[in-house]
>>> print(open('input-v3.pdb').read())   # PDB, C-alpha atoms, pLDDT in the B column
ATOM      1  CA  MET A 503       0.820 -30.171  -0.406  1.00 47.00           C
ATOM      2  CA  ALA A 504       3.334 -28.527   1.884  1.00 53.00           C
ATOM      3  CA  ASP A 505       1.010 -28.675   4.850  1.00 58.00           C
ATOM      4  CA  VAL A 506      -0.009 -32.315   5.267  1.00 59.00           C
ATOM      5  CA  ASN A 507      -1.301 -31.944   8.832  1.00 62.00           C
ATOM      6  CA  ARG A 508      -3.916 -29.348   7.954  1.00 63.00           C
ATOM      7  CA  GLY A 509      -6.902 -29.253  10.290  1.00 65.00           C
ATOM      8  CA  ASN A 510      -5.430 -31.817  12.670  1.00 72.00           C
ATOM      9  CA  ARG A 511      -3.108 -29.697  14.767  1.00 73.00           C
ATOM     10  CA  PRO A 512      -3.220 -29.734  18.571  1.00 76.00           C
ATOM     11  CA  LEU A 513      -4.969 -26.802  20.270  1.00 73.00           C
ATOM     12  CA  SER A 514      -3.296 -24.702  22.958  1.00 75.00           C
ATOM     13  CA  PRO A 515      -3.600 -26.092  26.497  1.00 74.00           C
ATOM     14  CA  HIS A 516      -6.877 -24.966  28.022  1.00 72.00           C
ATOM     15  CA  LEU A 517      -8.802 -25.022  31.305  1.00 72.00           C
ATOM     16  CA  THR A 518      -8.380 -28.723  32.018  1.00 77.00           C
ATOM     17  CA  ILE A 519      -4.579 -28.809  32.383  1.00 82.00           C
ATOM     18  CA  TYR A 520      -4.322 -26.090  35.037  1.00 83.00           C
ATOM     19  CA  ARG A 521      -4.732 -26.610  38.786  1.00 87.00           C
ATOM     20  CA  PRO A 522      -7.701 -24.469  39.885  1.00 87.00           C
ATOM     21  CA  GLN A 523      -6.700 -21.475  42.003  1.00 89.00           C
ATOM     22  CA  PHE A 524      -8.842 -18.976  43.881  1.00 91.00           C
ATOM     23  CA  THR A 525      -8.071 -16.210  41.385  1.00 91.00           C
ATOM     24  CA  SER A 526      -8.708 -18.389  38.326  1.00 90.00           C
ATOM     25  CA  VAL A 527     -11.978 -19.726  39.759  1.00 92.00           C
ATOM     26  CA  THR A 528     -13.227 -16.160  40.346  1.00 93.00           C
ATOM     27  CA  SER A 529     -12.379 -15.390  36.712  1.00 92.00           C
ATOM     28  CA  ILE A 530     -14.191 -18.464  35.373  1.00 92.00           C
ATOM     29  CA  LEU A 531     -17.212 -17.610  37.550  1.00 94.00           C
ATOM     30  CA  THR A 532     -17.424 -14.249  35.762  1.00 95.00           C
ATOM     31  CA  ARG A 533     -18.161 -16.042  32.504  1.00 94.00           C
ATOM     32  CA  ILE A 534     -20.538 -18.553  34.111  1.00 95.00           C
ATOM     33  CA  THR A 535     -22.585 -15.891  35.934  1.00 96.00           C
ATOM     34  CA  GLY A 536     -22.684 -13.617  32.885  1.00 95.00           C
ATOM     35  CA  ASN A 537     -24.004 -16.297  30.581  1.00 95.00           C
ATOM     36  CA  ALA A 538     -26.337 -17.810  33.186  1.00 96.00           C
ATOM     37  CA  LEU A 539     -28.058 -14.432  33.545  1.00 96.00           C
ATOM     38  CA  ILE A 540     -29.876 -15.204  30.268  1.00 96.00           C
ATOM     39  CA  VAL A 541     -32.215 -17.477  32.304  1.00 96.00           C
ATOM     40  CA  GLY A 542     -33.306 -14.642  34.601  1.00 95.00           C
ATOM     41  CA  THR A 543     -33.563 -12.308  31.595  1.00 96.00           C
ATOM     42  CA  LEU A 544     -35.874 -14.734  29.770  1.00 96.00           C
ATOM     43  CA  LEU A 545     -38.126 -14.951  32.842  1.00 96.00           C
ATOM     44  CA  THR A 546     -38.070 -11.144  33.250  1.00 96.00           C
ATOM     45  CA  VAL A 547     -38.927 -10.371  29.612  1.00 97.00           C
ATOM     46  CA  TRP A 548     -41.619 -13.073  29.584  1.00 97.00           C
ATOM     47  CA  TRP A 549     -43.139 -11.525  32.727  1.00 96.00           C
ATOM     48  CA  LEU A 550     -43.054  -8.072  31.054  1.00 96.00           C
ATOM     49  CA  ILE A 551     -44.749  -9.215  27.841  1.00 96.00           C
ATOM     50  CA  ALA A 552     -47.354 -11.045  29.955  1.00 96.00           C
ATOM     51  CA  LEU A 553     -48.011  -7.826  31.854  1.00 95.00           C
ATOM     52  CA  ALA A 554     -48.498  -6.035  28.534  1.00 95.00           C
ATOM     53  CA  SER A 555     -50.843  -8.762  27.254  1.00 94.00           C
ATOM     54  CA  GLY A 556     -53.546  -8.370  29.899  1.00 92.00           C
ATOM     55  CA  PRO A 557     -54.672  -9.547  33.358  1.00 93.00           C
ATOM     56  CA  GLU A 558     -55.241 -13.241  32.516  1.00 93.00           C
ATOM     57  CA  TYR A 559     -51.807 -13.883  31.035  1.00 94.00           C
ATOM     58  CA  PHE A 560     -50.208 -11.767  33.758  1.00 94.00           C
ATOM     59  CA  GLU A 561     -51.780 -14.019  36.422  1.00 93.00           C
ATOM     60  CA  CYS A 562     -50.041 -17.006  34.818  1.00 94.00           C
ATOM     61  CA  ALA A 563     -46.599 -15.368  34.496  1.00 94.00           C
ATOM     62  CA  ASN A 564     -46.846 -13.740  37.911  1.00 94.00           C
ATOM     63  CA  ALA A 565     -47.726 -17.103  39.485  1.00 94.00           C
ATOM     64  CA  VAL A 566     -44.515 -18.560  37.993  1.00 94.00           C
ATOM     65  CA  MET A 567     -42.507 -15.486  39.040  1.00 93.00           C
ATOM     66  CA  THR A 568     -43.716 -15.622  42.660  1.00 92.00           C
ATOM     67  CA  SER A 569     -43.554 -19.436  42.947  1.00 93.00           C
ATOM     68  CA  TRP A 570     -40.612 -21.109  44.719  1.00 94.00           C
ATOM     69  CA  PHE A 571     -39.084 -21.779  41.282  1.00 94.00           C
ATOM     70  CA  GLY A 572     -39.388 -18.148  40.171  1.00 93.00           C
ATOM     71  CA  LYS A 573     -38.023 -16.907  43.489  1.00 93.00           C
ATOM     72  CA  LEU A 574     -35.090 -19.335  43.235  1.00 95.00           C
ATOM     73  CA  VAL A 575     -34.277 -18.105  39.690  1.00 95.00           C
ATOM     74  CA  MET A 576     -34.601 -14.460  40.755  1.00 95.00           C
ATOM     75  CA  LEU A 577     -32.474 -14.910  43.903  1.00 95.00           C
ATOM     76  CA  GLY A 578     -29.839 -16.808  41.904  1.00 96.00           C
ATOM     77  CA  SER A 579     -29.930 -14.123  39.210  1.00 96.00           C
ATOM     78  CA  LEU A 580     -29.550 -11.390  41.819  1.00 96.00           C
ATOM     79  CA  TRP A 581     -26.401 -13.034  43.158  1.00 97.00           C
ATOM     80  CA  ALA A 582     -25.104 -13.740  39.616  1.00 96.00           C
ATOM     81  CA  LEU A 583     -25.763 -10.110  38.680  1.00 96.00           C
ATOM     82  CA  SER A 584     -23.976  -8.892  41.834  1.00 96.00           C
ATOM     83  CA  TYR A 585     -21.029 -11.176  41.179  1.00 97.00           C
ATOM     84  CA  HIS A 586     -20.785 -10.231  37.493  1.00 97.00           C
ATOM     85  CA  TYR A 587     -21.063  -6.560  38.502  1.00 97.00           C
ATOM     86  CA  MET A 588     -18.133  -6.830  40.916  1.00 96.00           C
ATOM     87  CA  ALA A 589     -16.084  -8.862  38.427  1.00 96.00           C
ATOM     88  CA  GLY A 590     -16.885  -6.301  35.721  1.00 96.00           C
ATOM     89  CA  LEU A 591     -15.586  -3.505  37.931  1.00 96.00           C
ATOM     90  CA  ARG A 592     -12.424  -5.575  38.446  1.00 96.00           C
ATOM     91  CA  HIS A 593     -12.064  -5.938  34.649  1.00 95.00           C
ATOM     92  CA  LEU A 594     -12.355  -2.173  34.140  1.00 95.00           C
ATOM     93  CA  TRP A 595      -9.755  -1.695  36.902  1.00 95.00           C
ATOM     94  CA  TRP A 596      -7.452  -4.156  35.124  1.00 95.00           C
ATOM     95  CA  ASP A 597      -8.100  -2.359  31.820  1.00 93.00           C
ATOM     96  CA  SER A 598      -6.598   0.757  33.409  1.00 93.00           C
ATOM     97  CA  GLY A 599      -3.373  -1.241  33.797  1.00 93.00           C
ATOM     98  CA  ARG A 600      -3.604  -1.677  37.568  1.00 94.00           C
ATOM     99  CA  GLY A 601      -4.091  -4.597  39.970  1.00 91.00           C
ATOM    100  CA  PHE A 602      -1.977  -7.287  38.291  1.00 92.00           C
ATOM    101  CA  GLU A 603       0.533  -7.864  41.131  1.00 93.00           C
ATOM    102  CA  LEU A 604       0.032 -11.246  42.798  1.00 92.00           C
ATOM    103  CA  ASP A 605      -1.019  -9.915  46.211  1.00 93.00           C
ATOM    104  CA  LYS A 606      -3.305  -7.294  44.675  1.00 93.00           C
ATOM    105  CA  ALA A 607      -4.900  -9.865  42.347  1.00 93.00           C
ATOM    106  CA  LYS A 608      -5.643 -12.091  45.376  1.00 94.00           C
ATOM    107  CA  THR A 609      -7.113  -9.160  47.301  1.00 94.00           C
ATOM    108  CA  LEU A 610      -9.275  -8.234  44.295  1.00 95.00           C
ATOM    109  CA  ALA A 611     -10.571 -11.837  44.085  1.00 95.00           C
ATOM    110  CA  ILE A 612     -11.625 -11.707  47.748  1.00 95.00           C
ATOM    111  CA  VAL A 613     -13.251  -8.301  47.197  1.00 96.00           C
ATOM    112  CA  VAL A 614     -15.215  -9.656  44.219  1.00 95.00           C
ATOM    113  CA  VAL A 615     -16.577 -12.674  46.128  1.00 96.00           C
ATOM    114  CA  ALA A 616     -17.320 -10.742  49.336  1.00 96.00           C
ATOM    115  CA  GLY A 617     -18.794  -7.834  47.367  1.00 96.00           C
ATOM    116  CA  SER A 618     -21.167 -10.132  45.477  1.00 95.00           C
ATOM    117  CA  PHE A 619     -22.758 -11.279  48.755  1.00 96.00           C
ATOM    118  CA  VAL A 620     -22.797  -7.753  50.208  1.00 96.00           C
ATOM    119  CA  LEU A 621     -24.557  -6.393  47.094  1.00 95.00           C
ATOM    120  CA  THR A 622     -27.073  -9.274  47.116  1.00 95.00           C
ATOM    121  CA  ILE A 623     -27.974  -8.728  50.772  1.00 95.00           C
ATOM    122  CA  LEU A 624     -28.062  -4.955  50.279  1.00 94.00           C
ATOM    123  CA  ALA A 625     -30.474  -5.325  47.347  1.00 93.00           C
ATOM    124  CA  LEU A 626     -32.696  -7.697  49.345  1.00 93.00           C
ATOM    125  CA  LEU A 627     -32.793  -5.254  52.276  1.00 91.00           C
ATOM    126  CA  ILE A 628     -33.653  -2.245  50.079  1.00 88.00           C
ATOM    127  CA  ILE A 629     -36.313  -4.066  48.032  1.00 80.00           C
TER
ATOM    128  CA  MET B1152      -6.211 -33.378  -3.876  1.00 58.00           C
ATOM    129  CA  SER B1153      -6.824 -29.680  -3.630  1.00 69.00           C
ATOM    130  CA  PHE B1154      -6.045 -27.361  -6.522  1.00 80.00           C
ATOM    131  CA  LEU B1155      -5.730 -24.358  -4.208  1.00 82.00           C
ATOM    132  CA  THR B1156      -2.217 -22.981  -3.868  1.00 85.00           C
ATOM    133  CA  ASP B1157      -0.594 -22.663  -0.433  1.00 82.00           C
ATOM    134  CA  ARG B1158      -0.761 -18.897  -0.750  1.00 86.00           C
ATOM    135  CA  LYS B1159      -4.506 -19.005  -1.453  1.00 85.00           C
ATOM    136  CA  ARG B1160      -5.158 -21.342   1.497  1.00 80.00           C
ATOM    137  CA  ALA B1161      -3.291 -19.102   3.915  1.00 83.00           C
ATOM    138  CA  ASN B1162      -5.076 -15.940   2.750  1.00 84.00           C
ATOM    139  CA  GLY B1163      -7.394 -14.401   5.317  1.00 81.00           C
ATOM    140  CA  LEU B1164      -6.284 -16.677   8.161  1.00 82.00           C
ATOM    141  CA  GLY B1165      -4.788 -13.839  10.178  1.00 83.00           C
ATOM    142  CA  SER B1166      -6.517 -11.942  12.961  1.00 86.00           C
ATOM    143  CA  SER B1167     -10.065 -10.672  12.457  1.00 84.00           C
ATOM    144  CA  LYS B1168      -8.854  -7.079  13.006  1.00 88.00           C
ATOM    145  CA  SER B1169     -12.057  -6.382  14.917  1.00 90.00           C
ATOM    146  CA  GLY B1170     -10.830  -7.414  18.383  1.00 91.00           C
ATOM    147  CA  THR B1171     -10.020  -3.909  19.607  1.00 93.00           C
ATOM    148  CA  ALA B1172     -13.419  -2.598  18.553  1.00 94.00           C
ATOM    149  CA  HIS B1173     -15.053  -5.570  20.317  1.00 94.00           C
ATOM    150  CA  HIS B1174     -13.164  -4.892  23.553  1.00 94.00           C
ATOM    151  CA  TRP B1175     -13.908  -1.178  23.389  1.00 95.00           C
ATOM    152  CA  GLN B1176     -17.615  -1.928  22.895  1.00 94.00           C
ATOM    153  CA  MET B1177     -17.540  -4.157  26.004  1.00 94.00           C
ATOM    154  CA  MET B1178     -15.858  -1.402  28.060  1.00 95.00           C
ATOM    155  CA  ILE B1179     -18.387   1.234  26.966  1.00 95.00           C
ATOM    156  CA  GLY B1180     -21.347  -1.095  27.552  1.00 95.00           C
ATOM    157  CA  SER B1181     -20.181  -2.263  30.971  1.00 95.00           C
ATOM    158  CA  THR B1182     -19.494   1.305  32.085  1.00 96.00           C
ATOM    159  CA  ALA B1183     -23.089   2.199  31.187  1.00 96.00           C
ATOM    160  CA  LEU B1184     -24.303  -0.893  33.065  1.00 96.00           C
ATOM    161  CA  ILE B1185     -22.487   0.205  36.256  1.00 96.00           C
ATOM    162  CA  LEU B1186     -25.113   2.937  36.534  1.00 96.00           C
ATOM    163  CA  LEU B1187     -28.072   1.133  34.938  1.00 97.00           C
ATOM    164  CA  VAL B1188     -27.990  -2.205  36.792  1.00 97.00           C
ATOM    165  CA  PRO B1189     -28.510  -0.885  40.366  1.00 96.00           C
ATOM    166  CA  LEU B1190     -31.345   1.360  39.135  1.00 96.00           C
ATOM    167  CA  PHE B1191     -32.926  -1.556  37.263  1.00 96.00           C
ATOM    168  CA  VAL B1192     -32.652  -3.903  40.257  1.00 96.00           C
ATOM    169  CA  TYR B1193     -34.476  -1.287  42.322  1.00 95.00           C
ATOM    170  CA  VAL B1194     -37.160  -0.633  39.664  1.00 96.00           C
ATOM    171  CA  PHE B1195     -37.787  -4.280  38.810  1.00 95.00           C
ATOM    172  CA  GLY B1196     -37.361  -5.564  42.356  1.00 93.00           C
ATOM    173  CA  SER B1197     -40.062  -3.263  43.668  1.00 92.00           C
ATOM    174  CA  ALA B1198     -42.420  -4.474  40.885  1.00 93.00           C
ATOM    175  CA  ILE B1199     -42.256  -8.171  41.783  1.00 91.00           C
ATOM    176  CA  GLY B1200     -45.234  -9.139  43.907  1.00 87.00           C
ATOM    177  CA  LEU B1201     -47.438  -6.244  42.764  1.00 91.00           C
ATOM    178  CA  GLY B1202     -50.939  -6.944  41.444  1.00 91.00           C
ATOM    179  CA  TYR B1203     -51.865  -6.348  37.790  1.00 94.00           C
ATOM    180  CA  ASP B1204     -53.082  -2.733  38.145  1.00 93.00           C
ATOM    181  CA  ASP B1205     -50.205  -1.674  40.386  1.00 95.00           C
ATOM    182  CA  ALA B1206     -47.641  -3.322  38.081  1.00 95.00           C
ATOM    183  CA  ILE B1207     -49.104  -1.500  35.055  1.00 95.00           C
ATOM    184  CA  ALA B1208     -49.010   1.820  36.929  1.00 95.00           C
ATOM    185  CA  HIS B1209     -45.429   1.079  38.039  1.00 96.00           C
ATOM    186  CA  PHE B1210     -44.063   0.558  34.504  1.00 95.00           C
ATOM    187  CA  ALA B1211     -46.193   3.377  33.067  1.00 95.00           C
ATOM    188  CA  LYS B1212     -43.996   5.828  35.002  1.00 95.00           C
ATOM    189  CA  PRO B1213     -41.469   7.309  32.535  1.00 95.00           C
ATOM    190  CA  PHE B1214     -38.425   6.756  34.760  1.00 96.00           C
ATOM    191  CA  ASN B1215     -39.243   3.086  35.419  1.00 96.00           C
ATOM    192  CA  ALA B1216     -40.064   2.378  31.762  1.00 96.00           C
ATOM    193  CA  ILE B1217     -36.920   4.114  30.463  1.00 97.00           C
ATOM    194  CA  ILE B1218     -34.581   2.436  32.980  1.00 97.00           C
ATOM    195  CA  THR B1219     -36.074  -0.992  32.226  1.00 97.00           C
ATOM    196  CA  GLY B1220     -35.867  -0.478  28.445  1.00 97.00           C
ATOM    197  CA  LEU B1221     -32.320   0.894  28.567  1.00 97.00           C
ATOM    198  CA  THR B1222     -30.994  -1.827  30.883  1.00 97.00           C
ATOM    199  CA  ILE B1223     -32.447  -4.672  28.816  1.00 97.00           C
ATOM    200  CA  THR B1224     -31.181  -3.097  25.564  1.00 97.00           C
ATOM    201  CA  VAL B1225     -27.630  -2.363  26.758  1.00 97.00           C
ATOM    202  CA  GLY B1226     -27.546  -5.602  28.778  1.00 97.00           C
ATOM    203  CA  MET B1227     -28.537  -7.777  25.826  1.00 97.00           C
ATOM    204  CA  ILE B1228     -25.982  -6.146  23.507  1.00 96.00           C
ATOM    205  CA  HIS B1229     -23.408  -6.795  26.276  1.00 96.00           C
ATOM    206  CA  PHE B1230     -24.629 -10.417  26.425  1.00 97.00           C
ATOM    207  CA  ARG B1231     -24.377 -10.827  22.646  1.00 96.00           C
ATOM    208  CA  HIS B1232     -20.739  -9.722  22.645  1.00 95.00           C
ATOM    209  CA  GLY B1233     -19.855 -11.695  25.774  1.00 95.00           C
ATOM    210  CA  VAL B1234     -21.442 -14.960  24.663  1.00 96.00           C
ATOM    211  CA  GLN B1235     -19.623 -14.606  21.331  1.00 95.00           C
ATOM    212  CA  ILE B1236     -16.253 -14.740  23.121  1.00 93.00           C
ATOM    213  CA  MET B1237     -17.336 -17.828  25.064  1.00 93.00           C
ATOM    214  CA  LEU B1238     -18.501 -19.573  21.867  1.00 94.00           C
ATOM    215  CA  GLU B1239     -15.246 -18.662  20.087  1.00 90.00           C
ATOM    216  CA  ASP B1240     -13.330 -20.275  22.965  1.00 87.00           C
ATOM    217  CA  TYR B1241     -15.216 -23.554  23.242  1.00 88.00           C
ATOM    218  CA  VAL B1242     -17.079 -24.232  19.982  1.00 90.00           C
ATOM    219  CA  HIS B1243     -15.501 -24.772  16.573  1.00 85.00           C
ATOM    220  CA  GLY B1244     -16.427 -24.923  12.901  1.00 85.00           C
ATOM    221  CA  HIS B1245     -19.897 -24.297  11.547  1.00 91.00           C
ATOM    222  CA  THR B1246     -21.545 -24.978  14.933  1.00 93.00           C
ATOM    223  CA  ARG B1247     -19.762 -21.889  16.235  1.00 93.00           C
ATOM    224  CA  THR B1248     -21.105 -19.726  13.415  1.00 94.00           C
ATOM    225  CA  TYR B1249     -24.682 -20.954  13.931  1.00 96.00           C
ATOM    226  CA  LEU B1250     -24.539 -20.488  17.710  1.00 97.00           C
ATOM    227  CA  ILE B1251     -23.127 -16.939  17.447  1.00 96.00           C
ATOM    228  CA  ALA B1252     -25.877 -16.057  14.970  1.00 97.00           C
ATOM    229  CA  GLY B1253     -28.463 -17.715  17.229  1.00 97.00           C
ATOM    230  CA  ALA B1254     -27.240 -15.772  20.274  1.00 97.00           C
ATOM    231  CA  ALA B1255     -27.531 -12.525  18.272  1.00 97.00           C
ATOM    232  CA  CYS B1256     -31.112 -13.427  17.267  1.00 97.00           C
ATOM    233  CA  LEU B1257     -31.979 -14.204  20.896  1.00 97.00           C
ATOM    234  CA  SER B1258     -30.420 -10.959  22.178  1.00 97.00           C
ATOM    235  CA  TYR B1259     -32.074  -8.663  19.657  1.00 97.00           C
ATOM    236  CA  GLY B1260     -35.330 -10.642  19.930  1.00 98.00           C
ATOM    237  CA  LEU B1261     -35.454 -10.119  23.701  1.00 97.00           C
ATOM    238  CA  ILE B1262     -34.748  -6.380  23.223  1.00 98.00           C
ATOM    239  CA  ALA B1263     -37.630  -6.108  20.730  1.00 98.00           C
ATOM    240  CA  VAL B1264     -40.081  -8.027  22.947  1.00 98.00           C
ATOM    241  CA  ALA B1265     -39.175  -6.025  26.051  1.00 97.00           C
ATOM    242  CA  LEU B1266     -39.445  -2.653  24.270  1.00 97.00           C
ATOM    243  CA  PHE B1267     -42.761  -3.660  22.697  1.00 97.00           C
ATOM    244  CA  ALA B1268     -44.106  -4.694  26.112  1.00 97.00           C
ATOM    245  CA  LEU B1269     -42.959  -1.423  27.704  1.00 96.00           C
ATOM    246  CA  ALA B1270     -44.453   0.656  24.881  1.00 96.00           C
ATOM    247  CA  ARG B1271     -47.774  -1.130  25.268  1.00 95.00           C
ATOM    248  CA  ILE B1272     -47.779  -0.684  29.046  1.00 95.00           C
ATOM    249  CA  ALA B1273     -46.558   2.903  29.167  1.00 92.00           C
ATOM    250  CA  LEU B1274     -48.360   4.489  26.215  1.00 87.00           C
TER
END
>>> encode(input="input-v3.pdb", output="structure tokens")
Amino acid sequence: MADVNRGNRPLSPHLTIYRPQFTSVTSILTRITGNALIVGTLLTVWWLIALASGPEYFECANAVMTSWFGKLVMLGSLWALSYHYMAGLRHLWWDSGRGFELDKAKTLAIVVVAGSFVLTILALLII
Amino acid sequence: MSFLTDRKRANGLGSSKSGTAHHWQMMIGSTALILLVPLFVYVFGSAIGLGYDDAIAHFAKPFNAIITGLTITVGMIHFRHGVQIMLEDYVHGHTRTYLIAGAACLSYGLIAVALFALARIAL
């Protein structure tokens, strides 16, 4: 019919055609950390249901949780959570219509990265 | 050769009209998580490494149980909406539909399991 090229049109340019910049990398990391947090959540909820199931099953889940693998997942999740937290605050700041100027956007990117490490270390010190 | 008219084929191909509601939901959820996440990190962090009896006593406390339940519930709804945007960006066709549905099942499933566990521990 009129539209012979249906379903075979080119898509808009995406990630691959742009040169990575500090600000864009911090934005992409927001998505990566947010979605990666599902791994830590699965471990957390599994540990909780094991705790509810009784001492034997808890021993098993707690052994995984306190093993080097569990600690690695939890430490990684803590940083991912801190990073996603900072990036989320930046999103809410942007939603208020502020922080889009080039110099401010660069400052915000540095704040997000630095803040993620500060929050991680702070959490480790308090716990 | 399709018997559909051009008009019929173009129908419904506009915006979903649910984007604003989606964004608003994300803003509300993330604002709640600003408060919940630090509390949860404290509650859950101090539970790791405890023995069985101590861990049960820890999550039997109303504050700890409520913070854990709320954070996982709000967090998983936040995840469901966030992962949907990622899937809409990178996955196309039927695979996209199945993955979005699968992510919703996973999110609500994790909420149900966590709340069940907390109810069993705390009550």
>>> atom_distance(input="input-v3.pdb", atom1="CA of Val1234 (chain B)", atom2="CA of Thr532 (chain A)")
11.8 Å
>>> resolve_selection(input="input-v3.pdb", expression="the PyMOL selection byres ((chain A) within 9 of (chain B))", output="JSON, numbers by chain")
{"A": [503, 504, 505, 533, 536, 537, 539, 540, 543, 544, 546, 547, 548, 550, 551, 552, 553, 554, 555, 556, 557, 560, 561, 564, 567, 568, 580, 583, 587, 590, 591, 593, 594, 597, 625, 626, 628, 629]}
>>> atom_distance(input="input-v3.pdb", atom1="CA of His1209 (chain B)", atom2="CA of Leu627 (chain A)")
20.1 Å
>>> atom_distance(input="input-v3.pdb", atom1="CA of Leu517 (chain A)", atom2="CA of Ile1251 (chain B)")
21.5 Å
>>> residues_around(input="input-v3.pdb", residues="region 611-619 of chain A", least_positions_apart="6", cutoff="7 Å", atoms="all atoms listed in the file", output="PyMOL selection string")
chain A and resi 525+528+581+584-585+588-589
>>> residues_around(input="input-v3.pdb", residues="Thr535 (chain A)", least_positions_apart="4", cutoff="7 Å", atoms="only C-alpha atoms", output="list in words")
Leu531, Leu539, Ala582 and His586 of chain A
>>> residues_near_point(input="input-v3.pdb", point="(-10.3, -22.9, 6.7)", cutoff="12 Å", atoms="all atoms listed in the file", output="ChimeraX atom specification")
/A:508-510 /B:1155,1159-1165,1243-1245
>>> decode(input="input-v3.pdb", residues="region 1152-1168 of chain B", atoms="N, CA and C atoms", output="tab-separated table (two decimals), in the first residue's frame")
chain	number	residue	atom	x	y	z
B	1152	MET	N	-0.66	-9.62	0.81
B	1152	MET	CA	-1.35	-8.34	0.67
B	1152	MET	C	-2.36	-8.16	1.79
B	1153	SER	N	-2.22	-7.06	2.49
B	1153	SER	CA	-3.09	-6.81	3.63
B	1153	SER	C	-4.38	-6.14	3.16
B	1154	PHE	N	-5.49	-6.52	3.80
B	1154	PHE	CA	-6.76	-5.88	3.48
B	1154	PHE	C	-7.08	-4.73	4.44
B	1155	LEU	N	-6.16	-4.47	5.39
B	1155	LEU	CA	-6.37	-3.34	6.28
B	1155	LEU	C	-6.16	-2.04	5.52
B	1156	THR	N	-6.97	-1.03	5.84
B	1156	THR	CA	-6.76	0.28	5.21
B	1156	THR	C	-5.63	1.00	5.92
B	1157	ASP	N	-5.05	2.02	5.27
B	1157	ASP	CA	-3.98	2.80	5.89
B	1157	ASP	C	-4.44	3.42	7.20
B	1158	ARG	N	-5.67	3.91	7.18
B	1158	ARG	CA	-6.23	4.54	8.38
B	1158	ARG	C	-6.25	3.55	9.56
B	1159	LYS	N	-6.70	2.32	9.25
B	1159	LYS	CA	-6.82	1.30	10.29
B	1159	LYS	C	-5.43	0.92	10.83
B	1160	ARG	N	-4.44	0.86	9.95
B	1160	ARG	CA	-3.09	0.48	10.37
B	1160	ARG	C	-2.45	1.54	11.25
B	1161	ALA	N	-2.80	2.79	11.00
B	1161	ALA	CA	-2.18	3.88	11.76
B	1161	ALA	C	-2.87	4.09	13.11
B	1162	ASN	N	-4.09	3.56	13.25
B	1162	ASN	CA	-4.86	3.76	14.47
B	1162	ASN	C	-4.14	3.22	15.71
B	1163	GLY	N	-4.08	4.01	16.75
B	1163	GLY	CA	-3.51	3.53	18.00
B	1163	GLY	C	-1.99	3.54	18.04
B	1164	LEU	N	-1.34	4.09	17.02
B	1164	LEU	CA	0.12	4.10	17.00
B	1164	LEU	C	0.71	5.39	17.60
B	1165	GLY	N	-0.14	6.19	18.21
B	1165	GLY	CA	0.36	7.41	18.85
B	1165	GLY	C	1.01	7.10	20.19
B	1166	SER	N	1.10	8.11	21.04
B	1166	SER	CA	1.71	7.90	22.35
B	1166	SER	C	0.79	7.05	23.22
B	1167	SER	N	1.37	6.46	24.28
B	1167	SER	CA	0.58	5.59	25.15
B	1167	SER	C	-0.37	6.41	26.04
B	1168	LYS	N	-0.07	7.69	26.20
B	1168	LYS	CA	-0.83	8.60	27.06
B	1168	LYS	C	-0.72	8.26	28.53
